[in-house]
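The file input.txt comes next; it holds compact mmCIF, C-alpha atoms (C1' of nucleotides).
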# COMPACT_ATOMS: atom_id res chain seq x y z
CA MET A 1 16.89 56.68 -23.89
CA ALA A 2 16.22 52.94 -24.29
CA ALA A 3 13.03 51.95 -26.08
CA ASN A 4 10.10 49.92 -24.86
CA THR A 5 10.07 46.10 -24.98
CA GLN A 6 6.31 45.75 -24.48
CA PHE A 7 5.56 45.67 -28.17
CA SER A 8 8.00 42.83 -28.82
CA ILE A 9 6.59 40.78 -25.99
CA ALA A 10 3.05 41.50 -27.13
CA VAL A 11 3.84 40.28 -30.65
CA HIS A 12 5.45 37.18 -29.19
CA VAL A 13 2.42 36.38 -27.05
CA LEU A 14 -0.09 37.15 -29.79
CA THR A 15 1.80 34.90 -32.19
CA MET A 16 1.55 32.05 -29.73
CA LEU A 17 -2.17 32.67 -29.27
CA ALA A 18 -2.65 32.77 -33.03
CA ARG A 19 -0.92 29.44 -33.45
CA SER A 20 -2.98 27.78 -30.78
CA GLU A 21 -6.19 28.49 -32.74
CA ASN A 22 -9.16 28.67 -30.44
CA SER A 23 -7.83 26.98 -27.35
CA ASN A 24 -7.05 29.14 -24.34
CA LEU A 25 -3.45 29.58 -23.31
CA LYS A 26 -2.55 30.12 -19.65
CA SER A 27 -0.43 33.02 -18.46
CA ASP A 28 1.88 30.49 -16.85
CA TYR A 29 2.56 28.80 -20.17
CA LEU A 30 3.06 32.09 -22.02
CA ALA A 31 5.38 33.36 -19.31
CA LYS A 32 7.65 30.35 -19.79
CA SER A 33 8.06 31.07 -23.48
CA VAL A 34 8.64 34.77 -22.95
CA ASN A 35 10.94 33.95 -20.07
CA THR A 36 9.26 36.11 -17.50
CA ASN A 37 6.67 36.10 -14.73
CA PRO A 38 3.00 35.12 -15.19
CA VAL A 39 1.86 38.35 -13.58
CA VAL A 40 3.90 40.37 -16.05
CA VAL A 41 2.16 38.50 -18.86
CA ARG A 42 -1.27 39.00 -17.33
CA ARG A 43 -0.62 42.72 -17.09
CA LEU A 44 0.29 42.81 -20.75
CA LEU A 45 -2.75 40.72 -21.68
CA GLY A 46 -4.84 43.23 -19.77
CA HIS A 47 -3.72 45.96 -22.15
CA LEU A 48 -4.36 43.74 -25.14
CA ALA A 49 -7.84 42.96 -23.83
CA GLN A 50 -8.58 46.67 -23.46
CA GLY A 51 -7.54 47.04 -27.08
CA ASP A 52 -10.01 44.32 -28.01
CA LEU A 53 -7.33 42.01 -29.31
CA VAL A 54 -7.72 39.13 -26.85
CA ILE A 55 -10.31 37.61 -24.58
CA SER A 56 -9.48 36.12 -21.20
CA GLN A 57 -11.45 33.82 -18.96
CA THR A 58 -10.97 33.09 -15.29
CA GLY A 59 -11.46 29.71 -13.73
CA ALA A 60 -10.45 26.16 -14.53
CA ASN A 61 -9.85 25.78 -18.27
CA GLY A 62 -9.53 29.54 -18.36
CA GLY A 63 -6.82 31.43 -20.16
CA THR A 64 -6.59 33.75 -23.12
CA ARG A 65 -7.36 33.55 -26.84
CA LEU A 66 -7.45 35.98 -29.74
CA SER A 67 -10.65 37.96 -30.16
CA ARG A 68 -10.47 37.63 -33.97
CA CYS A 69 -8.67 35.88 -36.79
CA PRO A 70 -4.98 36.76 -37.05
CA ASP A 71 -5.52 38.29 -40.48
CA ARG A 72 -7.87 40.82 -38.93
CA ILE A 73 -5.40 42.06 -36.31
CA ASN A 74 -2.81 44.51 -37.57
CA LEU A 75 0.31 45.63 -35.77
CA ALA A 76 -0.85 49.23 -35.46
CA GLU A 77 -3.55 47.98 -33.11
CA VAL A 78 -0.98 46.06 -31.12
CA TYR A 79 1.35 49.03 -30.90
CA LYS A 80 -1.48 51.28 -29.81
CA ALA A 81 -2.62 48.83 -27.15
CA VAL A 82 0.74 48.47 -25.42
CA SER A 83 2.50 51.81 -25.87
CA CYS A 84 1.81 55.48 -25.54
CA GLY A 85 1.98 55.68 -29.32
CA GLU A 86 4.53 58.46 -29.28
CA VAL A 87 7.95 58.27 -30.90
CA PHE A 88 9.06 61.29 -28.88
CA ALA A 89 7.48 63.29 -26.06
CA LEU A 90 6.83 67.01 -25.82
CA HIS A 91 8.53 69.06 -23.10
CA SER A 92 7.65 67.73 -19.67
CA LYS A 93 8.10 71.21 -18.21
CA ALA A 94 6.65 74.09 -20.21
CA PRO A 95 9.40 76.21 -21.77
CA SER A 96 9.82 79.85 -20.78
CA GLN A 97 7.04 82.00 -22.16
CA ASP A 98 9.38 85.01 -22.10
CA CYS A 99 11.28 83.59 -25.06
CA PRO A 100 9.79 83.75 -28.58
CA VAL A 101 11.02 80.26 -29.29
CA GLY A 102 9.73 78.94 -25.97
CA ARG A 103 6.33 80.44 -26.66
CA ASN A 104 5.90 78.86 -30.08
CA ILE A 105 7.97 75.70 -30.23
CA GLU A 106 5.45 73.49 -28.47
CA ALA A 107 2.76 73.95 -31.09
CA VAL A 108 5.25 73.17 -33.84
CA LEU A 109 6.55 70.07 -32.08
CA CYS A 110 3.02 68.93 -31.44
CA ARG A 111 2.17 69.00 -35.14
CA LEU A 112 5.41 67.22 -35.97
CA GLN A 113 4.74 64.62 -33.30
CA LYS A 114 1.31 63.85 -34.73
CA GLU A 115 2.74 63.47 -38.21
CA ILE A 116 5.52 61.13 -37.11
CA ASP A 117 3.20 59.04 -34.98
CA ARG A 118 0.72 58.76 -37.82
CA THR A 119 3.50 57.62 -40.14
CA VAL A 120 4.52 54.92 -37.70
CA ALA A 121 0.95 53.74 -37.25
CA GLU A 122 0.49 53.50 -41.01
CA LYS A 123 3.65 51.44 -41.36
CA PHE A 124 2.65 49.08 -38.56
CA ALA A 125 -0.79 48.77 -40.15
CA GLU A 126 0.81 47.20 -43.24
CA TYR A 127 1.33 44.00 -41.28
CA THR A 128 -1.19 41.65 -39.74
CA LEU A 129 -0.59 38.97 -37.19
CA ALA A 130 -1.17 36.44 -39.95
CA ASP A 131 1.77 37.91 -41.85
CA LEU A 132 3.97 37.49 -38.80
CA ILE A 133 3.00 33.88 -38.33
CA MET A 134 4.10 33.19 -41.88
CA MET A 135 7.44 34.81 -41.10
CA VAL A 136 7.93 32.90 -37.88
CA GLN A 137 6.93 29.59 -39.39
CA PRO A 138 7.47 29.63 -43.13
CA ALA A 139 5.56 27.10 -45.19
CA ARG A 140 5.71 23.72 -43.44
CA VAL A 141 7.21 20.77 -45.30
CA MET B 1 5.77 53.54 -21.45
CA ALA B 2 6.32 57.30 -21.66
CA ALA B 3 8.39 58.57 -24.56
CA ASN B 4 11.61 60.52 -24.54
CA THR B 5 11.68 64.33 -24.22
CA GLN B 6 15.27 64.74 -25.41
CA PHE B 7 14.29 65.27 -29.02
CA SER B 8 11.88 68.08 -28.19
CA ILE B 9 14.45 69.86 -26.06
CA ALA B 10 17.09 69.37 -28.75
CA VAL B 11 14.84 70.94 -31.37
CA HIS B 12 14.09 73.80 -29.02
CA VAL B 13 17.78 74.46 -28.37
CA LEU B 14 18.79 74.10 -32.01
CA THR B 15 16.07 76.51 -33.06
CA MET B 16 17.44 79.10 -30.67
CA LEU B 17 20.95 78.56 -31.99
CA ALA B 18 19.71 78.87 -35.55
CA ARG B 19 18.00 82.16 -34.81
CA SER B 20 21.09 83.62 -33.19
CA GLU B 21 23.06 83.24 -36.41
CA ASN B 22 26.75 82.90 -35.73
CA SER B 23 26.96 84.22 -32.19
CA ASN B 24 27.57 81.71 -29.42
CA LEU B 25 24.81 81.05 -26.93
CA LYS B 26 25.61 80.09 -23.32
CA SER B 27 24.22 77.00 -21.66
CA ASP B 28 22.90 79.27 -18.92
CA TYR B 29 20.84 81.27 -21.36
CA LEU B 30 19.52 78.17 -23.15
CA ALA B 31 18.63 76.54 -19.85
CA LYS B 32 16.43 79.51 -18.92
CA SER B 33 14.42 79.18 -22.11
CA VAL B 34 14.08 75.40 -21.78
CA ASN B 35 13.32 75.85 -18.10
CA THR B 36 15.93 73.48 -16.77
CA ASN B 37 19.49 73.28 -15.47
CA PRO B 38 22.57 74.45 -17.42
CA VAL B 39 24.27 71.11 -16.86
CA VAL B 40 21.35 69.29 -18.40
CA VAL B 41 21.65 71.51 -21.44
CA ARG B 42 25.40 70.98 -21.67
CA ARG B 43 24.88 67.22 -21.57
CA LEU B 44 22.41 67.49 -24.43
CA LEU B 45 24.76 69.78 -26.38
CA GLY B 46 27.45 67.15 -25.90
CA HIS B 47 25.32 64.65 -27.82
CA LEU B 48 24.58 67.19 -30.52
CA ALA B 49 28.30 67.95 -30.82
CA GLN B 50 29.05 64.26 -31.23
CA GLY B 51 26.50 64.23 -34.03
CA ASP B 52 28.35 67.13 -35.65
CA LEU B 53 25.41 69.46 -35.35
CA VAL B 54 26.90 72.08 -33.04
CA ILE B 55 30.27 73.44 -31.99
CA SER B 56 31.03 74.55 -28.47
CA GLN B 57 33.83 76.70 -27.11
CA THR B 58 35.06 77.06 -23.57
CA GLY B 59 36.24 80.28 -22.02
CA ALA B 60 35.05 83.85 -21.92
CA ASN B 61 32.81 84.57 -24.90
CA GLY B 62 32.46 80.82 -25.25
CA GLY B 63 29.20 79.00 -25.84
CA THR B 64 27.63 77.00 -28.62
CA ARG B 65 26.67 77.62 -32.24
CA LEU B 66 25.42 75.49 -35.13
CA SER B 67 28.05 73.68 -37.13
CA ARG B 68 26.22 74.42 -40.42
CA CYS B 69 23.38 76.41 -41.92
CA PRO B 70 19.94 75.44 -40.60
CA ASP B 71 18.88 74.30 -44.06
CA ARG B 72 21.62 71.70 -44.01
CA ILE B 73 20.56 70.10 -40.72
CA ASN B 74 17.64 67.72 -40.97
CA LEU B 75 15.63 66.30 -38.12
CA ALA B 76 16.74 62.73 -38.73
CA GLU B 77 20.23 63.80 -37.71
CA VAL B 78 18.84 65.41 -34.60
CA TYR B 79 16.79 62.35 -33.69
CA LYS B 80 19.77 60.09 -34.24
CA ALA B 81 22.01 62.27 -32.10
CA VAL B 82 19.79 62.33 -29.03
CA SER B 83 17.95 58.99 -29.03
CA CYS B 84 18.63 55.32 -29.49
CA GLY B 85 16.77 55.55 -32.79
CA GLU B 86 14.41 52.71 -31.95
CA VAL B 87 10.63 52.99 -31.84
CA PHE B 88 10.45 49.73 -29.91
CA ALA B 89 13.05 47.44 -28.35
CA LEU B 90 13.61 43.73 -28.82
CA HIS B 91 13.22 41.34 -25.88
CA SER B 92 15.59 42.30 -23.08
CA LYS B 93 15.73 38.66 -21.96
CA ALA B 94 16.03 36.06 -24.71
CA PRO B 95 12.80 34.08 -25.11
CA SER B 96 12.73 30.35 -24.43
CA GLN B 97 14.55 28.40 -27.11
CA ASP B 98 12.37 25.37 -26.32
CA CYS B 99 9.42 27.08 -27.96
CA PRO B 100 9.17 27.33 -31.77
CA VAL B 101 7.87 30.87 -31.48
CA GLY B 102 10.54 31.84 -28.98
CA ARG B 103 13.25 30.49 -31.26
CA ASN B 104 12.16 32.46 -34.32
CA ILE B 105 10.36 35.57 -33.20
CA GLU B 106 13.45 37.62 -32.51
CA ALA B 107 14.69 37.53 -36.09
CA VAL B 108 11.26 38.55 -37.33
CA LEU B 109 11.00 41.40 -34.85
CA CYS B 110 14.47 42.54 -35.72
CA ARG B 111 13.58 42.93 -39.39
CA LEU B 112 10.37 44.73 -38.50
CA GLN B 113 12.24 47.01 -36.13
CA LYS B 114 14.71 48.01 -38.82
CA GLU B 115 11.91 48.77 -41.24
CA ILE B 116 9.97 50.90 -38.77
CA ASP B 117 13.06 52.78 -37.66
CA ARG B 118 14.03 53.47 -41.24
CA THR B 119 10.54 54.77 -41.95
CA VAL B 120 10.77 57.15 -39.02
CA ALA B 121 14.21 58.37 -40.06
CA GLU B 122 12.96 59.06 -43.58
CA LYS B 123 10.02 61.05 -42.27
CA PHE B 124 12.23 63.10 -39.94
CA ALA B 125 14.60 63.70 -42.84
CA GLU B 126 11.84 65.53 -44.70
CA TYR B 127 12.30 68.49 -42.38
CA THR B 128 15.28 70.74 -41.88
CA LEU B 129 15.92 73.09 -39.02
CA ALA B 130 15.27 75.92 -41.46
CA ASP B 131 11.74 74.58 -42.01
CA LEU B 132 11.14 74.58 -38.28
CA ILE B 133 12.30 78.16 -37.88
CA MET B 134 9.74 79.18 -40.46
CA MET B 135 7.05 77.39 -38.49
CA VAL B 136 8.09 78.92 -35.18
CA GLN B 137 8.37 82.40 -36.59
CA PRO B 138 6.29 82.74 -39.72
CA ALA B 139 7.20 85.54 -42.11
CA ARG B 140 7.85 88.70 -40.11
CA VAL B 141 5.78 91.78 -40.82
C1' DT C 1 46.56 87.56 -14.24
C1' DC C 2 41.72 87.23 -13.80
C1' DA C 3 37.06 86.43 -15.23
C1' DT C 4 34.15 83.37 -17.95
C1' DT C 5 32.49 79.20 -19.81
C1' DT C 6 32.51 74.41 -21.00
C1' DG C 7 33.04 69.48 -19.90
C1' DT C 8 32.65 66.12 -16.70
C1' DA C 9 32.64 63.75 -12.22
C1' DT C 10 29.87 62.89 -8.43
C1' DC C 11 25.88 62.80 -5.70
C1' DA C 12 20.90 62.81 -4.41
C1' DA C 13 16.14 62.61 -5.54
C1' DA C 14 12.48 61.21 -8.48
C1' DA C 15 10.40 58.30 -11.80
C1' DC C 16 9.88 53.98 -13.83
C1' DG C 17 9.85 49.08 -15.03
C1' DA C 18 10.15 44.39 -13.78
C1' DG C 19 9.58 40.77 -10.76
C1' DT C 20 7.35 38.73 -6.70
C1' DT C 21 3.79 37.47 -3.31
C1' DA C 22 -0.77 37.34 -2.06
C1' DC C 23 -5.54 36.95 -2.48
C1' DA C 24 -10.43 37.89 -3.97
C1' DA C 25 -13.46 36.88 -7.74
C1' DA C 26 -14.88 34.09 -11.47
C1' DG C 27 -15.33 29.94 -13.51
C1' DT C 28 -15.12 24.47 -14.02
C1' DT C 29 -15.68 19.88 -12.49
C1' DA C 30 -17.54 16.37 -9.96
C1' DT D 1 -22.25 22.09 -2.72
C1' DA D 2 -17.26 21.59 -2.37
C1' DA D 3 -12.82 21.57 -4.28
C1' DC D 4 -9.93 23.18 -7.65
C1' DT D 5 -8.10 26.30 -11.28
C1' DT D 6 -7.12 30.65 -13.31
C1' DT D 7 -7.40 35.53 -13.94
C1' DG D 8 -7.14 40.39 -12.28
C1' DT D 9 -5.12 43.40 -9.35
C1' DA D 10 -3.05 45.41 -5.22
C1' DA D 11 1.12 46.00 -2.77
C1' DC D 12 5.80 45.68 -2.23
C1' DT D 13 10.83 45.40 -3.47
C1' DC D 14 14.67 46.10 -6.35
C1' DG D 15 17.47 47.82 -9.89
C1' DT D 16 17.89 51.17 -13.58
C1' DT D 17 17.31 55.53 -15.67
C1' DT D 18 16.53 60.43 -15.62
C1' DT D 19 16.86 64.79 -13.73
C1' DG D 20 18.71 68.33 -11.07
C1' DA D 21 22.47 70.08 -8.25
C1' DT D 22 27.30 71.13 -6.71
C1' DA D 23 31.95 71.30 -7.73
C1' DC D 24 36.05 71.96 -10.13
C1' DA D 25 39.77 71.39 -13.78
C1' DA D 26 40.79 72.96 -18.36
C1' DA D 27 40.29 76.18 -22.00
C1' DT D 28 39.76 80.77 -23.64
C1' DG D 29 39.77 85.74 -23.96
C1' DA D 30 40.65 90.40 -22.15
Rewrite the structure from the file as structure tokens, please.
Amino acid sequence: MAANTQFSIAVHVLTMLARSENSNLKSDYLAKSVNTNPVVVRRLLGHLAQGDLVISQTGANGGTRLSRCPDRINLAEVYKAVSCGEVFALHSKAPSQDCPVGRNIEAVLCRLQKEIDRTVAEKFAEYTLADLIMMVQPARV
Amino acid sequence: MAANTQFSIAVHVLTMLARSENSNLKSDYLAKSVNTNPVVVRRLLGHLAQGDLVISQTGANGGTRLSRCPDRINLAEVYKAVSCGEVFALHSKAPSQDCPVGRNIEAVLCRLQKEIDRTVAEKFAEYTLADLIMMVQPARV
DNA sequence: TCATTTGTATCAAAACGAGTTACAAAGTTA
DNA sequence: TAACTTTGTAACTCGTTTTGATACAAATGA
């Protein structure tokens, strides 16, 4: 019943990358800020890389940086990269086909699911990483 | 990363209750349609009862029925009753307070979380159980 | 009094997430 | 070339959550 923390950690990490401009950050360094293990961070960065949000490099002076400017990364992309994108799941076991409700409810829920998930994606899309940076660090003195 | 199935099962069960008008349905009967165990259904019905959506009775001729007309139960109430109501969770371990991002990101995420969750609740609230019944069983011949 | 049904405790099994160790592969530096 | 750094990923453990099952007291109705 508890929700997923991946999105929060992803936003945290991406905000740090955004603030470090073009220099690579190491998973070790990010892990310290997030208060977790470097491998956990690298796994997360792997998802973000698949979503084309970050670029990682192996080797000395390696690390990770954003693939684009923070104002061109919106939170819908982040959410999509690190979650299944579903607010609720359909039945894991197919309901009884002997029951009229069982036979038809899945199709109805499926349409509802799509509509809810689209609504969430649209809301997330209203914010870019650049917006978040402004919120985290409001206008410097 | 997988989402919760409780909401789908709740909608399934509530739809059956709505279609049975005022007669009580047994957890045994509901479990057959959902294709699970009666105790699992009774646990779910417990949450729905706490949310004031259904009324259960023990004893012979006992069972569960809706607490109101299907057109007065909206899906936001259902979602609230069976889930934590959060699309994503905040950090489970507090981020490092030594890092400027770590210090401030939680408050930002918290505001975002509230906004997203409110958006979802509003979308769910657009549908009543009566609407769903129409979708499951469109106008009879 | 007896049969039925819920509510809930308790247990076991399955599924899942998070953290850890380890190491090959890729890259840098000298 | 050699030494060093860093990622990516496999493999494992551990704790938590979810699901299904059994059991039984309490409530209800006949």
| message | If the cut-off is 9 Å, can you tell me the residues of chain A near chain B, counting only C-alpha atoms? I'd like them as an MDAnalysis selection string. | response | chainID A and resid 1:9 11:13 15:16 32:36 82:109 112 115:117 119:120 123:124 132:133 135:137
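Atom C1' of DA9 of chain C to atom CA of Leu17 of chain B spans 27.3 Å [interatomic distance, one decimal].
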Give me the least-squares superposed chain A (reference chain B; all C-alpha atoms paired in order) as a compact mmCIF listing (two decimals) with C-alpha atoms, in the frame of the given file.
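Final file, superposed-v2.txt:
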# COMPACT_ATOMS: atom_id res chain seq x y z
CA MET A 1 5.73 53.55 -21.44
CA ALA A 2 6.24 57.33 -21.68
CA ALA A 3 8.33 58.60 -24.58
CA ASN A 4 11.54 60.57 -24.56
CA THR A 5 11.61 64.38 -24.26
CA GLN A 6 15.21 64.78 -25.44
CA PHE A 7 14.24 65.29 -29.04
CA SER A 8 11.84 68.11 -28.22
CA ILE A 9 14.40 69.88 -26.10
CA ALA A 10 17.05 69.39 -28.77
CA VAL A 11 14.81 70.97 -31.41
CA HIS A 12 14.09 73.84 -29.05
CA VAL A 13 17.77 74.48 -28.40
CA LEU A 14 18.79 74.09 -32.04
CA THR A 15 16.08 76.54 -33.08
CA MET A 16 17.47 79.11 -30.69
CA LEU A 17 20.99 78.54 -32.00
CA ALA A 18 19.75 78.87 -35.57
CA ARG A 19 18.09 82.18 -34.80
CA SER A 20 21.16 83.59 -33.15
CA GLU A 21 23.15 83.20 -36.40
CA ASN A 22 26.83 82.85 -35.69
CA SER A 23 27.05 84.15 -32.16
CA ASN A 24 27.63 81.64 -29.38
CA LEU A 25 24.85 80.99 -26.92
CA LYS A 26 25.66 80.02 -23.33
CA SER A 27 24.22 76.95 -21.65
CA ASP A 28 22.92 79.22 -18.91
CA TYR A 29 20.88 81.25 -21.38
CA LEU A 30 19.53 78.17 -23.17
CA ALA A 31 18.63 76.54 -19.87
CA LYS A 32 16.45 79.52 -18.95
CA SER A 33 14.43 79.20 -22.13
CA VAL A 34 14.06 75.45 -21.82
CA ASN A 35 13.30 75.88 -18.15
CA THR A 36 15.89 73.50 -16.85
CA ASN A 37 19.44 73.28 -15.53
CA PRO A 38 22.55 74.41 -17.46
CA VAL A 39 24.21 71.05 -16.89
CA VAL A 40 21.23 69.26 -18.41
CA VAL A 41 21.59 71.48 -21.47
CA ARG A 42 25.33 70.91 -21.69
CA ARG A 43 24.77 67.17 -21.60
CA LEU A 44 22.32 67.46 -24.46
CA LEU A 45 24.68 69.72 -26.41
CA GLY A 46 27.34 67.08 -25.91
CA HIS A 47 25.22 64.60 -27.84
CA LEU A 48 24.52 67.15 -30.53
CA ALA A 49 28.24 67.88 -30.83
CA GLN A 50 28.98 64.18 -31.24
CA GLY A 51 26.43 64.18 -34.04
CA ASP A 52 28.29 67.05 -35.66
CA LEU A 53 25.37 69.42 -35.37
CA VAL A 54 26.88 72.02 -33.03
CA ILE A 55 30.24 73.35 -31.99
CA SER A 56 31.04 74.43 -28.45
CA GLN A 57 33.85 76.53 -27.07
CA THR A 58 35.06 76.83 -23.52
CA GLY A 59 36.28 80.03 -21.97
CA ALA A 60 35.10 83.62 -21.83
CA ASN A 61 32.91 84.39 -24.85
CA GLY A 62 32.50 80.66 -25.21
CA GLY A 63 29.23 78.90 -25.82
CA THR A 64 27.65 76.92 -28.61
CA ARG A 65 26.69 77.55 -32.24
CA LEU A 66 25.43 75.46 -35.13
CA SER A 67 28.06 73.63 -37.14
CA ARG A 68 26.22 74.37 -40.41
CA CYS A 69 23.40 76.37 -41.93
CA PRO A 70 19.96 75.42 -40.62
CA ASP A 71 18.88 74.30 -44.08
CA ARG A 72 21.61 71.68 -44.03
CA ILE A 73 20.53 70.09 -40.74
CA ASN A 74 17.60 67.72 -40.99
CA LEU A 75 15.57 66.32 -38.13
CA ALA A 76 16.67 62.74 -38.77
CA GLU A 77 20.16 63.80 -37.74
CA VAL A 78 18.78 65.41 -34.61
CA TYR A 79 16.72 62.37 -33.72
CA LYS A 80 19.69 60.10 -34.25
CA ALA A 81 21.95 62.27 -32.12
CA VAL A 82 19.71 62.34 -29.05
CA SER A 83 17.86 59.02 -29.04
CA CYS A 84 18.54 55.36 -29.47
CA GLY A 85 16.70 55.57 -32.77
CA GLU A 86 14.37 52.73 -31.92
CA VAL A 87 10.59 53.00 -31.82
CA PHE A 88 10.42 49.75 -29.87
CA ALA A 89 13.04 47.49 -28.29
CA LEU A 90 13.64 43.79 -28.78
CA HIS A 91 13.28 41.41 -25.83
CA SER A 92 15.62 42.37 -23.02
CA LYS A 93 15.78 38.74 -21.92
CA ALA A 94 16.12 36.14 -24.66
CA PRO A 95 12.92 34.13 -25.06
CA SER A 96 12.89 30.39 -24.40
CA GLN A 97 14.72 28.49 -27.10
CA ASP A 98 12.58 25.42 -26.35
CA CYS A 99 9.60 27.11 -27.98
CA PRO A 100 9.37 27.38 -31.79
CA VAL A 101 8.03 30.89 -31.49
CA GLY A 102 10.69 31.87 -28.96
CA ARG A 103 13.40 30.56 -31.25
CA ASN A 104 12.30 32.52 -34.30
CA ILE A 105 10.46 35.61 -33.16
CA GLU A 106 13.55 37.69 -32.47
CA ALA A 107 14.78 37.60 -36.04
CA VAL A 108 11.35 38.60 -37.30
CA LEU A 109 11.04 41.45 -34.81
CA CYS A 110 14.51 42.61 -35.68
CA ARG A 111 13.63 42.98 -39.35
CA LEU A 112 10.40 44.75 -38.46
CA GLN A 113 12.25 47.05 -36.09
CA LYS A 114 14.71 48.07 -38.80
CA GLU A 115 11.89 48.80 -41.21
CA ILE A 116 9.94 50.92 -38.74
CA ASP A 117 13.02 52.83 -37.64
CA ARG A 118 13.99 53.49 -41.24
CA THR A 119 10.49 54.80 -41.94
CA VAL A 120 10.73 57.18 -39.01
CA ALA A 121 14.15 58.41 -40.07
CA GLU A 122 12.90 59.07 -43.59
CA LYS A 123 9.96 61.07 -42.27
CA PHE A 124 12.16 63.13 -39.96
CA ALA A 125 14.54 63.71 -42.86
CA GLU A 126 11.77 65.57 -44.72
CA TYR A 127 12.25 68.52 -42.39
CA THR A 128 15.25 70.75 -41.88
CA LEU A 129 15.91 73.12 -39.04
CA ALA A 130 15.26 75.95 -41.47
CA ASP A 131 11.75 74.62 -42.02
CA LEU A 132 11.14 74.64 -38.29
CA ILE A 133 12.31 78.20 -37.90
CA MET A 134 9.76 79.24 -40.49
CA MET A 135 7.08 77.45 -38.50
CA VAL A 136 8.11 78.98 -35.20
CA GLN A 137 8.42 82.46 -36.62
CA PRO A 138 6.27 82.82 -39.71
CA ALA A 139 7.13 85.62 -42.11
CA ARG A 140 7.85 88.78 -40.10
CA VAL A 141 5.75 91.87 -40.76
Give me, as a PDB file with C-alpha atoms (C1' of nucleotides), in the frame of the given file, the residues of chain D touching chain A, with the criterion being at most 6 Å (counting all atoms listed in the file).
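Result went into result.pdb, see below:
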ATOM      1  C1'  DT D   5      -8.100  26.300 -11.280  1.00  0.00           C
ATOM      2  C1'  DT D   6      -7.120  30.650 -13.310  1.00  0.00           C
ATOM      3  C1'  DT D   7      -7.400  35.530 -13.940  1.00  0.00           C
TER       4       DT D   7
END
| message | Taking (27.7, 67.5, -17.3) as a centre in this file's frame and 12 Å as the limit, can you find every polymer residue with an atom that close, using only C-alpha atoms (C1' of nucleotides), and give them as a PyMOL selection string? | response | (chain B and resi 27+37-47) or (chain C and resi 6-10) or (chain D and resi 19-24)
Could you build a table of the residues in chain C lying no more than 12 Å from chain B, giving for each the nearest pair of atoms and their separation in Å rounded to one decimal place, using all atoms listed in the file, ordered by chain and ascending residue number, as a tab-separated table?
residue	atom	partner	partner_atom	distance
C:DC2	C1'	B:Ala60	CA	11.0
C:DA3	C1'	B:Ala60	CA	7.4
C:DT4	C1'	B:Ala60	CA	4.1
C:DT5	C1'	B:Gly59	CA	4.5
C:DT6	C1'	B:Thr58	CA	4.5
C:DG7	C1'	B:Arg42	CA	8.0
C:DT8	C1'	B:Arg43	CA	9.2
C:DA15	C1'	B:Ala2	CA	10.7
C:DC16	C1'	B:Met1	CA	8.7
C:DG17	C1'	B:Met1	CA	8.8
C:DA18	C1'	B:Ser92	CA	11.0
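Across the structure, atom CA of Tyr29 of chain B and atom CA of Arg65 of chain B are spaced 12.9 Å apart.
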Residue completion, segment 3-14 of chain B, N, CA and C atoms, as an mmCIF file, keeping the file's coordinate frame:
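Done, and the output landed in result32.cif:
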data_model
loop_
_atom_site.group_PDB
_atom_site.id
_atom_site.type_symbol
_atom_site.label_atom_id
_atom_site.label_comp_id
_atom_site.auth_asym_id
_atom_site.auth_seq_id
_atom_site.Cartn_x
_atom_site.Cartn_y
_atom_site.Cartn_z
ATOM 1 N N ALA B 3 7.334 58.346 -23.576
ATOM 2 C CA ALA B 3 8.390 58.570 -24.560
ATOM 3 C C ALA B 3 9.413 59.580 -24.055
ATOM 4 N N ASN B 4 10.450 59.710 -24.851
ATOM 5 C CA ASN B 4 11.610 60.520 -24.540
ATOM 6 C C ASN B 4 11.406 62.009 -24.866
ATOM 7 N N THR B 5 11.850 62.889 -23.965
ATOM 8 C CA THR B 5 11.680 64.330 -24.220
ATOM 9 C C THR B 5 12.925 64.961 -24.845
ATOM 10 N N GLN B 6 14.003 64.192 -24.927
ATOM 11 C CA GLN B 6 15.270 64.740 -25.410
ATOM 12 C C GLN B 6 15.156 65.380 -26.785
ATOM 13 N N PHE B 7 14.396 64.734 -27.661
ATOM 14 C CA PHE B 7 14.290 65.270 -29.020
ATOM 15 C C PHE B 7 13.632 66.644 -29.016
ATOM 16 N N SER B 8 12.574 66.790 -28.246
ATOM 17 C CA SER B 8 11.880 68.080 -28.190
ATOM 18 C C SER B 8 12.799 69.170 -27.667
ATOM 19 N N ILE B 9 13.547 68.852 -26.621
ATOM 20 C CA ILE B 9 14.450 69.860 -26.060
ATOM 21 C C ILE B 9 15.566 70.173 -27.045
ATOM 22 N N ALA B 10 16.043 69.155 -27.748
ATOM 23 C CA ALA B 10 17.090 69.370 -28.750
ATOM 24 C C ALA B 10 16.607 70.317 -29.843
ATOM 25 N N VAL B 11 15.389 70.078 -30.316
ATOM 26 C CA VAL B 11 14.840 70.940 -31.370
ATOM 27 C C VAL B 11 14.693 72.368 -30.852
ATOM 28 N N HIS B 12 14.248 72.484 -29.646
ATOM 29 C CA HIS B 12 14.090 73.800 -29.020
ATOM 30 C C HIS B 12 15.442 74.538 -28.996
ATOM 31 N N VAL B 13 16.446 73.861 -28.492
ATOM 32 C CA VAL B 13 17.780 74.460 -28.370
ATOM 33 C C VAL B 13 18.359 74.794 -29.751
ATOM 34 N N LEU B 14 18.238 73.864 -30.668
ATOM 35 C CA LEU B 14 18.790 74.100 -32.010
ATOM 36 C C LEU B 14 18.088 75.262 -32.707
#
